[in-house]
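Shown here: input_18.tsv, TSV, C-alpha atoms.
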```
chain	number	residue	atom	x	y	z
A	29	MET	CA	1.33	-11.88	-21.58
A	30	THR	CA	4.19	-9.42	-21.94
A	31	THR	CA	7.95	-9.74	-22.26
A	32	SER	CA	9.57	-8.42	-19.09
A	33	LEU	CA	12.71	-6.32	-19.33
A	34	ALA	CA	13.43	-5.78	-15.62
A	35	PRO	CA	13.86	-8.02	-12.57
A	36	VAL	CA	10.61	-9.20	-11.03
A	37	VAL	CA	9.38	-7.32	-7.95
A	38	PRO	CA	9.39	-9.69	-4.95
A	39	ALA	CA	6.17	-10.60	-3.20
A	40	GLU	CA	5.59	-8.65	-0.01
A	41	TRP	CA	5.93	-11.84	2.05
A	42	SER	CA	9.52	-12.24	0.85
A	43	PRO	CA	12.16	-11.34	3.49
A	44	HIS	CA	12.82	-7.64	4.09
A	45	ARG	CA	15.96	-5.88	5.16
A	46	ALA	CA	13.96	-2.79	6.21
A	47	MET	CA	10.49	-1.25	6.24
A	48	TRP	CA	9.96	2.45	5.54
A	49	VAL	CA	7.00	4.07	7.33
A	50	GLY	CA	5.75	7.65	7.01
A	51	PHE	CA	5.06	9.59	10.22
A	52	PRO	CA	2.20	12.16	10.12
A	53	SER	CA	3.98	15.48	10.37
A	54	HIS	CA	1.88	18.40	9.13
A	55	ALA	CA	-0.67	19.98	11.44
A	56	ASP	CA	-2.21	21.96	8.58
A	57	LEU	CA	-3.15	18.70	6.85
A	58	TRP	CA	-4.14	16.55	9.83
A	59	GLU	CA	-5.55	19.26	12.13
A	60	GLU	CA	-7.17	17.66	15.21
A	61	ASN	CA	-6.27	14.19	13.94
A	62	LEU	CA	-2.51	14.82	13.94
A	63	GLN	CA	-1.71	13.45	17.38
A	64	PRO	CA	-4.14	10.50	17.13
A	65	ALA	CA	-2.67	9.57	13.72
A	66	GLN	CA	0.86	9.89	15.10
A	67	ALA	CA	-0.08	7.55	17.94
A	68	GLU	CA	-1.48	4.97	15.49
A	69	VAL	CA	1.65	5.10	13.33
A	70	ALA	CA	3.88	4.84	16.40
A	71	ALA	CA	1.96	1.72	17.45
A	72	LEU	CA	2.51	0.32	13.97
A	73	ALA	CA	6.25	1.05	14.11
A	74	ARG	CA	6.55	-0.62	17.51
A	75	ALA	CA	4.64	-3.69	16.32
A	76	LEU	CA	6.77	-3.96	13.18
A	77	ALA	CA	9.97	-3.86	15.23
A	78	GLU	CA	8.91	-5.92	18.24
A	79	VAL	CA	6.56	-8.49	16.68
A	80	GLY	CA	7.19	-8.24	12.96
A	81	GLY	CA	10.96	-8.66	12.99
A	82	GLU	CA	11.52	-5.50	10.97
A	83	ARG	CA	14.16	-2.80	10.95
A	84	VAL	CA	11.86	0.23	10.75
A	85	LYS	CA	12.87	3.50	9.09
A	86	LEU	CA	10.30	5.98	10.40
A	87	MET	CA	10.42	8.99	8.10
A	88	VAL	CA	9.19	12.38	9.27
A	89	GLY	CA	8.12	15.05	6.80
A	90	HIS	CA	9.90	18.06	8.33
A	91	PRO	CA	12.20	18.78	11.30
A	92	GLY	CA	9.33	19.98	13.48
A	93	ALA	CA	7.99	16.41	13.70
A	94	LEU	CA	11.24	14.89	14.98
A	95	ALA	CA	10.45	15.56	18.64
A	96	ALA	CA	7.01	13.92	18.41
A	97	ALA	CA	8.44	10.83	16.71
A	98	GLN	CA	11.26	10.62	19.24
A	99	ALA	CA	8.83	10.88	22.16
A	100	LEU	CA	6.63	8.09	20.80
A	101	VAL	CA	9.20	5.54	19.57
A	102	GLY	CA	12.62	6.81	20.54
A	103	ASP	CA	13.25	3.97	22.99
A	104	VAL	CA	12.22	1.16	20.64
A	105	ALA	CA	15.06	-0.98	19.34
A	106	ASN	CA	15.23	-1.34	15.55
A	107	VAL	CA	13.28	1.86	14.89
A	108	GLU	CA	15.38	4.55	13.19
A	109	ILE	CA	13.86	8.02	12.87
A	110	VAL	CA	14.74	9.54	9.48
A	111	ASP	CA	14.69	13.31	8.98
A	112	GLY	CA	13.05	13.54	5.57
A	113	ARG	CA	10.84	15.86	3.57
A	114	PHE	CA	7.43	14.95	2.20
A	115	GLY	CA	4.08	16.55	1.56
A	116	ASP	CA	2.30	13.72	3.37
A	117	VAL	CA	2.88	10.21	4.66
A	118	TRP	CA	1.86	8.05	1.69
A	119	LEU	CA	5.26	6.49	0.98
A	120	ARG	CA	3.73	3.52	-0.85
A	121	ASP	CA	2.76	5.93	-3.62
A	122	THR	CA	5.56	8.49	-3.54
A	123	GLY	CA	8.48	6.22	-2.67
A	124	PRO	CA	10.41	3.83	-4.92
A	125	ILE	CA	9.55	0.19	-5.62
A	126	PHE	CA	12.47	-2.05	-4.69
A	127	PHE	CA	13.82	-5.17	-6.35
A	128	ALA	CA	15.66	-7.87	-4.43
A	129	PRO	CA	19.42	-7.28	-4.15
A	130	ASP	CA	21.40	-8.84	-6.98
A	131	PRO	CA	23.99	-11.60	-6.28
A	132	SER	CA	26.65	-8.98	-5.54
A	133	GLY	CA	24.38	-7.37	-2.92
A	134	ALA	CA	23.67	-4.26	-5.00
A	135	VAL	CA	20.23	-2.75	-4.40
A	136	ARG	CA	18.05	-1.50	-7.25
A	137	ALA	CA	14.74	0.33	-7.19
A	138	ALA	CA	12.36	1.99	-9.64
A	139	ALA	CA	10.93	5.49	-9.33
A	140	PHE	CA	8.07	7.08	-11.25
A	141	ARG	CA	6.49	10.43	-11.84
A	142	PHE	CA	3.96	11.42	-9.18
A	143	ASN	CA	1.17	13.91	-9.87
A	144	GLY	CA	-0.83	13.92	-6.64
A	145	TRP	CA	-3.25	11.12	-7.59
A	146	GLY	CA	-4.35	12.76	-10.78
A	147	GLY	CA	-3.78	16.33	-9.66
A	148	LYS	CA	-5.94	16.18	-6.52
A	149	TYR	CA	-3.24	16.87	-3.92
A	150	ILE	CA	-0.06	18.58	-5.09
A	151	LEU	CA	2.18	18.98	-2.04
A	152	ASP	CA	5.76	20.16	-1.67
A	153	HIS	CA	8.45	17.46	-1.66
A	154	ASP	CA	6.19	14.51	-2.57
A	155	ASP	CA	7.90	14.33	-5.97
A	156	THR	CA	11.31	13.98	-4.23
A	157	VAL	CA	10.47	11.15	-1.81
A	158	ALA	CA	11.62	8.35	-4.13
A	159	GLY	CA	15.00	10.01	-4.51
A	160	GLN	CA	15.36	10.57	-0.77
A	161	ILE	CA	14.57	6.94	0.08
A	162	GLY	CA	16.71	5.64	-2.77
A	163	GLN	CA	19.70	7.64	-1.59
A	164	ALA	CA	19.22	6.71	2.08
A	165	SER	CA	18.96	3.01	1.24
A	166	GLY	CA	21.92	3.04	-1.11
A	167	ALA	CA	19.78	1.90	-4.02
A	168	GLU	CA	20.57	2.43	-7.68
A	169	LEU	CA	17.43	4.26	-8.76
A	170	ALA	CA	15.98	3.85	-12.25
A	171	THR	CA	13.59	6.73	-12.96
A	172	HIS	CA	10.74	6.12	-15.41
A	173	ASP	CA	8.89	8.83	-17.29
A	174	PHE	CA	5.33	7.77	-16.61
A	175	ILE	CA	2.97	8.34	-13.70
A	176	LEU	CA	2.51	5.48	-11.26
A	177	GLU	CA	1.76	5.01	-7.56
A	178	GLY	CA	2.92	1.89	-5.74
A	179	GLY	CA	-0.49	1.30	-4.17
A	180	ALA	CA	-1.98	0.91	-7.65
A	181	LEU	CA	-0.21	-2.46	-7.98
A	182	ASP	CA	0.17	-5.69	-6.06
A	183	HIS	CA	2.85	-8.29	-6.87
A	184	ASP	CA	3.08	-12.06	-6.39
A	185	GLY	CA	6.85	-12.40	-6.84
A	186	VAL	CA	6.72	-14.36	-10.11
A	187	GLY	CA	5.75	-11.43	-12.33
A	188	THR	CA	1.98	-11.31	-11.87
A	189	VAL	CA	0.66	-7.83	-11.16
A	190	LEU	CA	-2.81	-6.93	-9.91
A	191	THR	CA	-4.26	-3.53	-10.74
A	192	THR	CA	-7.51	-1.69	-11.56
A	193	ARG	CA	-8.59	-0.05	-14.78
A	194	GLN	CA	-10.15	2.78	-12.77
A	195	CYS	CA	-6.70	3.90	-11.64
A	196	LEU	CA	-4.12	2.77	-14.16
A	197	LEU	CA	-6.12	3.73	-17.24
A	198	ASN	CA	-7.46	6.95	-15.76
A	199	PRO	CA	-6.75	9.87	-18.12
A	200	ASN	CA	-5.67	11.96	-15.12
A	201	ARG	CA	-2.48	9.87	-14.97
A	202	ASN	CA	-1.14	8.80	-18.37
A	203	ARG	CA	-3.53	10.21	-20.94
A	204	GLY	CA	-4.35	7.88	-23.78
A	205	TRP	CA	-3.09	4.70	-22.09
A	206	LYS	CA	-4.78	1.46	-23.11
A	207	GLU	CA	-4.21	-1.88	-21.38
A	208	ALA	CA	-1.40	-2.77	-23.81
A	209	ASP	CA	0.42	0.50	-23.07
A	210	ALA	CA	0.26	-0.07	-19.33
A	211	GLU	CA	1.35	-3.69	-19.65
A	212	ALA	CA	4.37	-2.74	-21.73
A	213	ALA	CA	5.34	-0.02	-19.25
A	214	LEU	CA	5.04	-2.37	-16.27
A	215	ALA	CA	7.02	-5.08	-18.03
A	216	GLY	CA	9.86	-2.73	-18.83
A	217	ALA	CA	10.01	-1.05	-15.43
A	218	LEU	CA	8.96	-3.74	-12.97
A	219	GLY	CA	9.37	-7.11	-14.68
A	220	ALA	CA	5.63	-7.72	-15.03
A	221	ARG	CA	5.00	-10.91	-16.99
A	222	LYS	CA	1.22	-10.76	-16.71
A	223	VAL	CA	-1.15	-7.99	-15.60
A	224	LEU	CA	-4.50	-8.93	-14.07
A	225	TRP	CA	-7.09	-6.21	-14.57
A	226	LEU	CA	-9.89	-5.49	-12.11
A	227	GLY	CA	-12.50	-2.77	-12.57
A	228	ASP	CA	-13.39	-0.20	-9.93
A	229	GLY	CA	-11.99	0.23	-6.45
A	230	LEU	CA	-13.67	1.54	-3.31
A	231	MET	CA	-16.21	4.33	-3.21
A	232	ASN	CA	-14.83	7.81	-2.48
A	233	ASP	CA	-11.22	6.66	-2.74
A	234	HIS	CA	-9.21	9.71	-3.87
A	235	THR	CA	-6.61	7.36	-5.38
A	236	ASP	CA	-9.16	6.38	-8.06
A	237	GLY	CA	-9.36	2.78	-6.96
A	238	HIS	CA	-5.96	1.60	-5.73
A	239	VAL	CA	-5.84	-2.17	-5.74
A	240	ASP	CA	-4.24	-2.37	-2.27
A	241	ASN	CA	-7.67	-1.49	-0.87
A	242	LEU	CA	-9.43	-4.11	-3.01
A	243	ALA	CA	-7.38	-7.27	-3.62
A	244	ARG	CA	-3.99	-8.53	-2.43
A	245	PHE	CA	-1.82	-11.55	-3.11
A	246	VAL	CA	-1.34	-13.54	0.11
A	247	ALA	CA	0.43	-16.62	-1.30
A	248	PRO	CA	1.39	-17.98	-4.72
A	249	GLY	CA	-1.86	-18.30	-6.64
A	250	VAL	CA	-4.00	-16.96	-3.77
A	251	VAL	CA	-5.65	-13.51	-3.66
A	252	ALA	CA	-7.54	-12.02	-0.73
A	253	CYS	CA	-10.59	-9.93	-1.57
A	254	PRO	CA	-13.24	-8.41	0.72
A	255	MET	CA	-16.78	-9.57	1.22
A	256	ALA	CA	-19.48	-7.17	2.32
A	257	PHE	CA	-20.04	-6.73	6.05
A	258	GLY	CA	-23.52	-5.44	6.84
A	259	LEU	CA	-26.47	-4.77	4.58
A	260	ASP	CA	-25.40	-1.17	3.92
A	261	ASP	CA	-21.82	-1.88	2.83
A	262	PRO	CA	-21.28	0.68	0.04
A	263	ASN	CA	-18.71	-1.46	-1.75
A	264	ALA	CA	-20.56	-4.78	-1.86
A	265	HIS	CA	-20.90	-4.73	-5.65
A	266	ALA	CA	-17.24	-3.82	-6.24
A	267	TYR	CA	-16.12	-6.63	-3.92
A	268	ASP	CA	-18.26	-9.24	-5.65
A	269	GLN	CA	-17.22	-8.07	-9.11
A	270	ALA	CA	-13.56	-8.32	-8.17
A	271	ALA	CA	-13.92	-11.76	-6.60
A	272	GLU	CA	-15.82	-13.10	-9.61
A	273	ALA	CA	-13.19	-11.75	-12.01
A	274	LEU	CA	-10.29	-13.15	-9.96
A	275	ALA	CA	-11.87	-16.59	-9.82
A	276	GLY	CA	-11.57	-16.81	-13.60
A	277	MET	CA	-7.94	-15.67	-13.83
A	278	THR	CA	-4.56	-17.39	-13.90
A	279	ASP	CA	-1.21	-16.05	-12.78
A	280	ALA	CA	1.97	-15.63	-14.84
A	281	ASP	CA	2.84	-19.30	-14.27
A	282	GLY	CA	-0.58	-20.47	-15.45
A	283	ARG	CA	-2.02	-21.32	-12.02
A	284	ALA	CA	-5.75	-20.76	-11.56
A	285	LEU	CA	-6.21	-18.22	-8.79
A	286	LYS	CA	-7.88	-19.10	-5.51
A	287	VAL	CA	-9.87	-16.29	-3.89
A	288	LEU	CA	-9.89	-15.85	-0.11
A	289	ARG	CA	-12.84	-13.67	0.96
A	290	ILE	CA	-12.12	-11.43	3.96
A	291	PRO	CA	-14.83	-9.50	5.85
A	292	SER	CA	-14.76	-5.81	5.00
A	293	PRO	CA	-15.09	-3.12	7.69
A	294	GLY	CA	-18.61	-2.41	6.43
A	295	ARG	CA	-19.86	1.13	6.06
A	296	ILE	CA	-17.52	3.57	7.81
A	297	ILE	CA	-18.53	7.23	7.67
A	298	ASP	CA	-16.84	10.54	8.38
A	299	GLU	CA	-18.17	13.53	10.33
A	300	ASP	CA	-20.24	14.51	7.28
A	301	HIS	CA	-21.85	11.05	7.15
A	302	ARG	CA	-19.98	10.30	3.92
A	303	SER	CA	-18.68	6.78	3.31
A	304	VAL	CA	-14.88	6.59	3.52
A	305	PRO	CA	-12.62	3.97	1.89
A	306	ALA	CA	-11.84	1.84	4.93
A	307	SER	CA	-10.31	-1.50	4.01
A	308	HIS	CA	-8.78	-4.47	5.78
A	309	MET	CA	-6.96	-5.16	2.50
A	310	ASN	CA	-4.55	-2.39	3.48
A	311	PHE	CA	-2.76	-4.87	5.73
A	312	LEU	CA	1.03	-4.86	5.89
A	313	ILE	CA	3.07	-8.08	5.59
A	314	ALA	CA	6.18	-7.93	7.78
A	315	ASN	CA	8.89	-10.53	8.21
A	316	ARG	CA	7.13	-12.27	11.09
A	317	ALA	CA	3.73	-10.59	11.33
A	318	VAL	CA	0.78	-9.37	9.31
A	319	ILE	CA	-0.68	-6.15	10.69
A	320	VAL	CA	-4.30	-5.44	9.77
A	321	PRO	CA	-5.88	-1.98	10.08
A	322	THR	CA	-9.09	-1.92	12.11
A	323	TYR	CA	-11.75	0.76	12.38
A	324	GLY	CA	-13.85	-0.20	15.39
A	325	GLY	CA	-16.47	-2.92	15.84
A	326	ARG	CA	-16.17	-6.67	15.36
A	327	ALA	CA	-15.32	-6.68	11.65
A	328	GLY	CA	-11.60	-6.17	12.29
A	329	ASP	CA	-11.45	-9.23	14.54
A	330	PHE	CA	-13.17	-11.31	11.86
A	331	ALA	CA	-10.73	-10.08	9.19
A	332	VAL	CA	-7.71	-10.97	11.32
A	333	GLU	CA	-9.08	-14.47	11.90
A	334	ALA	CA	-9.84	-14.95	8.22
A	335	LEU	CA	-6.30	-14.00	7.19
A	336	LYS	CA	-4.66	-16.47	9.59
A	337	SER	CA	-5.18	-19.34	7.16
A	338	ALA	CA	-3.03	-17.55	4.56
A	339	PHE	CA	-0.17	-16.77	6.95
A	340	PRO	CA	0.34	-19.77	9.28
A	341	ASP	CA	3.94	-18.74	10.02
A	342	HIS	CA	3.12	-15.12	10.89
A	343	THR	CA	1.59	-13.45	13.91
A	344	LEU	CA	-1.68	-11.77	12.90
A	345	LEU	CA	-2.31	-8.49	14.65
A	346	GLY	CA	-5.08	-5.91	14.29
A	347	LEU	CA	-4.27	-2.30	15.14
A	348	PRO	CA	-6.53	0.78	15.10
A	349	SER	CA	-6.27	3.00	12.02
A	350	ARG	CA	-9.30	5.26	12.30
A	351	ALA	CA	-7.36	8.52	12.68
A	352	LEU	CA	-4.99	7.59	9.86
A	353	LEU	CA	-7.99	6.88	7.65
A	354	THR	CA	-9.05	10.53	7.92
A	355	GLY	CA	-6.07	11.28	5.68
A	356	GLY	CA	-7.28	8.79	3.07
A	357	GLY	CA	-5.36	5.58	3.69
A	358	SER	CA	-3.90	3.13	6.15
A	359	PHE	CA	-0.87	0.97	7.00
A	360	HIS	CA	0.02	-0.30	3.54
A	361	CYS	CA	-0.35	3.19	2.09
A	362	ILE	CA	2.22	4.73	4.46
A	363	SER	CA	4.88	2.04	4.06
A	364	GLN	CA	7.34	0.55	1.58
A	365	GLN	CA	9.54	-2.50	2.09
A	366	GLU	CA	13.17	-3.02	1.12
A	367	PRO	CA	13.59	-6.70	0.14
A	368	ALA	CA	16.51	-8.65	1.58
```
Turn the structure described in the file into structure tokens.
Amino acid sequence: MTTSLAPVVPAEWSPHRAMWVGFPSHADLWEENLQPAQAEVAALARALAEVGGERVKLMVGHPGALAAAQALVGDVANVEIVDGRFGDVWLRDTGPIFFAPDPSGAVRAAAFRFNGWGGKYILDHDDTVAGQIGQASGAELATHDFILEGGALDHDGVGTVLTTRQCLLNPNRNRGWKEADAEAALAGALGARKVLWLGDGLMNDHTDGHVDNLARFVAPGVVACPMAFGLDDPNAHAYDQAAEALAGMTDADGRALKVLRIPSPGRIIDEDHRSVPASHMNFLIANRAVIVPTYGGRAGDFAVEALKSAFPDHTLLGLPSRALLTGGGSFHCISQQEPA
């Protein structure tokens, strides 16, 4: 247990005043998958606005992508196209983490150093995204001098934070960090009262095991975690290890956690027959909907059904994310919510 110095980050199911979404913009990165990925993100933006009750801020990475975004979603109410600059779409990791507005209505957010997931992908403008979003949202931005990506954490709204040792203690981020160092940093910057540590994330995940592909809070004291789908699921052991660990944990208020097992997508491979980090855990919780990435086959339908019990007041919707996955992530990775 740590002493928190900042406001607590709200749970994702708390009301939002807006949802930021990154729009695939760079042909040199996405190549033949650019237009298919743009279509998937446009479908997400439409669903967030029309079903999810969100005001969507769809951020493009350079002016050349404005026309494509306008053609795909320009007629959708509550979708605002934002002319921004980023290296790629992963706003969950490069953008700020917002707190709820204070009683006066002032908005605050936290920003962190970003080093391309441990130096793997250093792209122009990614280190400026937090400032761009902070300025556009009118947030007072507190900048912290340690490396952190938003997808490395999940929050329950009472100060419990989920993360993985594989990512947060990786020497390619903050060299020399031990658990106590990370816990103190998260308490001071994000109001973390208790950090729950899992081990490894998904195979071949260039983020070094972001927790938003592995385990997510879905209600107070309840965490969703995958279960293997198919005999050749490459992450079966990681899923079971995470679920076993979570079942023995308590949150910051002392509640024993309940674990909700959700079918994984199973083994999804790329054109080189290499397993890719597909995950239904990369779902996005909107004001009135939960949108689950799917990758073909029946597993996505099963995951949507399994999550319904956790969100009885939300519409559950599965949307394709196979093209977006070729870039390394899915719906949660490309988004960031502004709490109301």
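Separating CA of Gly162 (chain A) from CA of Leu353 (chain A) is a distance of 26.8 Å.
With only C-alpha atoms as the atoms that count, the residue of A:Ala170, A:Ala252, A:Glu108, A:Gly147 with the shortest distance to Arg201 (chain A) is A:Gly147.
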Fewer than 6 positions away in the same chain doesn't count, so skip those; otherwise give me all residues within 12 Å of Asp281 (chain A), counting only C-alpha atoms, as a PyMOL selection string. chain A and resi 29+184-188+220-222+248-249
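Going from CA of Leu335 (chain A) to CA of Val304 (chain A) covers 22.6 Å.
Counting all atoms listed in the file, the residue from A:Arg141, A:His238, A:Arg326, A:Lys336 that sits nearest to Leu181 (chain A) is A:His238.
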Any idea what's packed within 12 Å of region 253-257 of chain A, counting only C-alpha atoms, ignoring anything in its chain fewer than 3 positions away? Could you give it as a PyMOL selection string? chain A and resi 190+226+229-230+239-246+250+260-275+285-296+306-311+325-328+330-331+334-335
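A straight line drawn from CA of Val107 (chain A) to CA of Val79 (chain A) is 12.5 Å long.
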Just want the 7 Å neighbourhood of region 47-51 of chain A, counted on all atoms listed in the file, with same-chain residues fewer than 2 positions away dropped. Output as a VMD selection string. chain A and resid 53 66 69 82 to 88 117 to 119 362 to 366
Which of these residues is nearest to Val157 (chain A), using all atoms listed in the file: A:Gly115, A:Gly204, A:Pro321, A:Gly179? A:Gly115
With distances taken over all atoms listed in the file, which of A:Asp116, A:Glu333, A:Asp279, A:Glu40 is nearest to Val189 (chain A)? A:Asp279
So which one's closest to Ala105 (chain A), A:Pro64, A:Gly324, A:Pro348, A:Gly81? Using all atoms listed in the file, please. A:Gly81
I'd like a table as CSV: residues in region 191-259 of chain A with an atom no more than 7 Å from region 33-38 of chain A, each row giving the shortest atom pair and its distance in Å to one decimal, all atoms listed in the file counted, sorted by chain and rising residue number.
```
residue,atom,partner,partner_atom,distance
A:Ala215,CA,A:Leu33,CA,6.0
A:Gly216,CA,A:Leu33,CA,4.6
A:Ala217,CA,A:Ala34,CA,5.8
A:Leu218,CA,A:Ala34,CA,5.6
A:Gly219,CA,A:Ala34,CA,4.4
A:Ala220,CA,A:Val36,CA,6.6
```
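When only C-alpha atoms are used to measure the gap to Tyr323 (chain A), the shortest distance among A:Ile297, A:Ala338, A:Ala128, A:Leu72 belongs to A:Ile297.
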Quick one: residues within 12 Å of Asp103 (chain A), all atoms listed in the file, excluding same-chain residues fewer than 3 positions away - as a PyMOL selection string? chain A and resi 70+73-74+77-78+97-100+106-109
Report, as JSON, the centre and edge lengths in Å (one decimal) of the axis-aligned box enclosing every listed atom of region 102-112 of chain A, padded by 4 Å on each side.
```
{"center_x": 13.8, "center_y": 6.1, "center_z": 14.3, "size_x": 11.2, "size_y": 22.9, "size_z": 25.4}
```
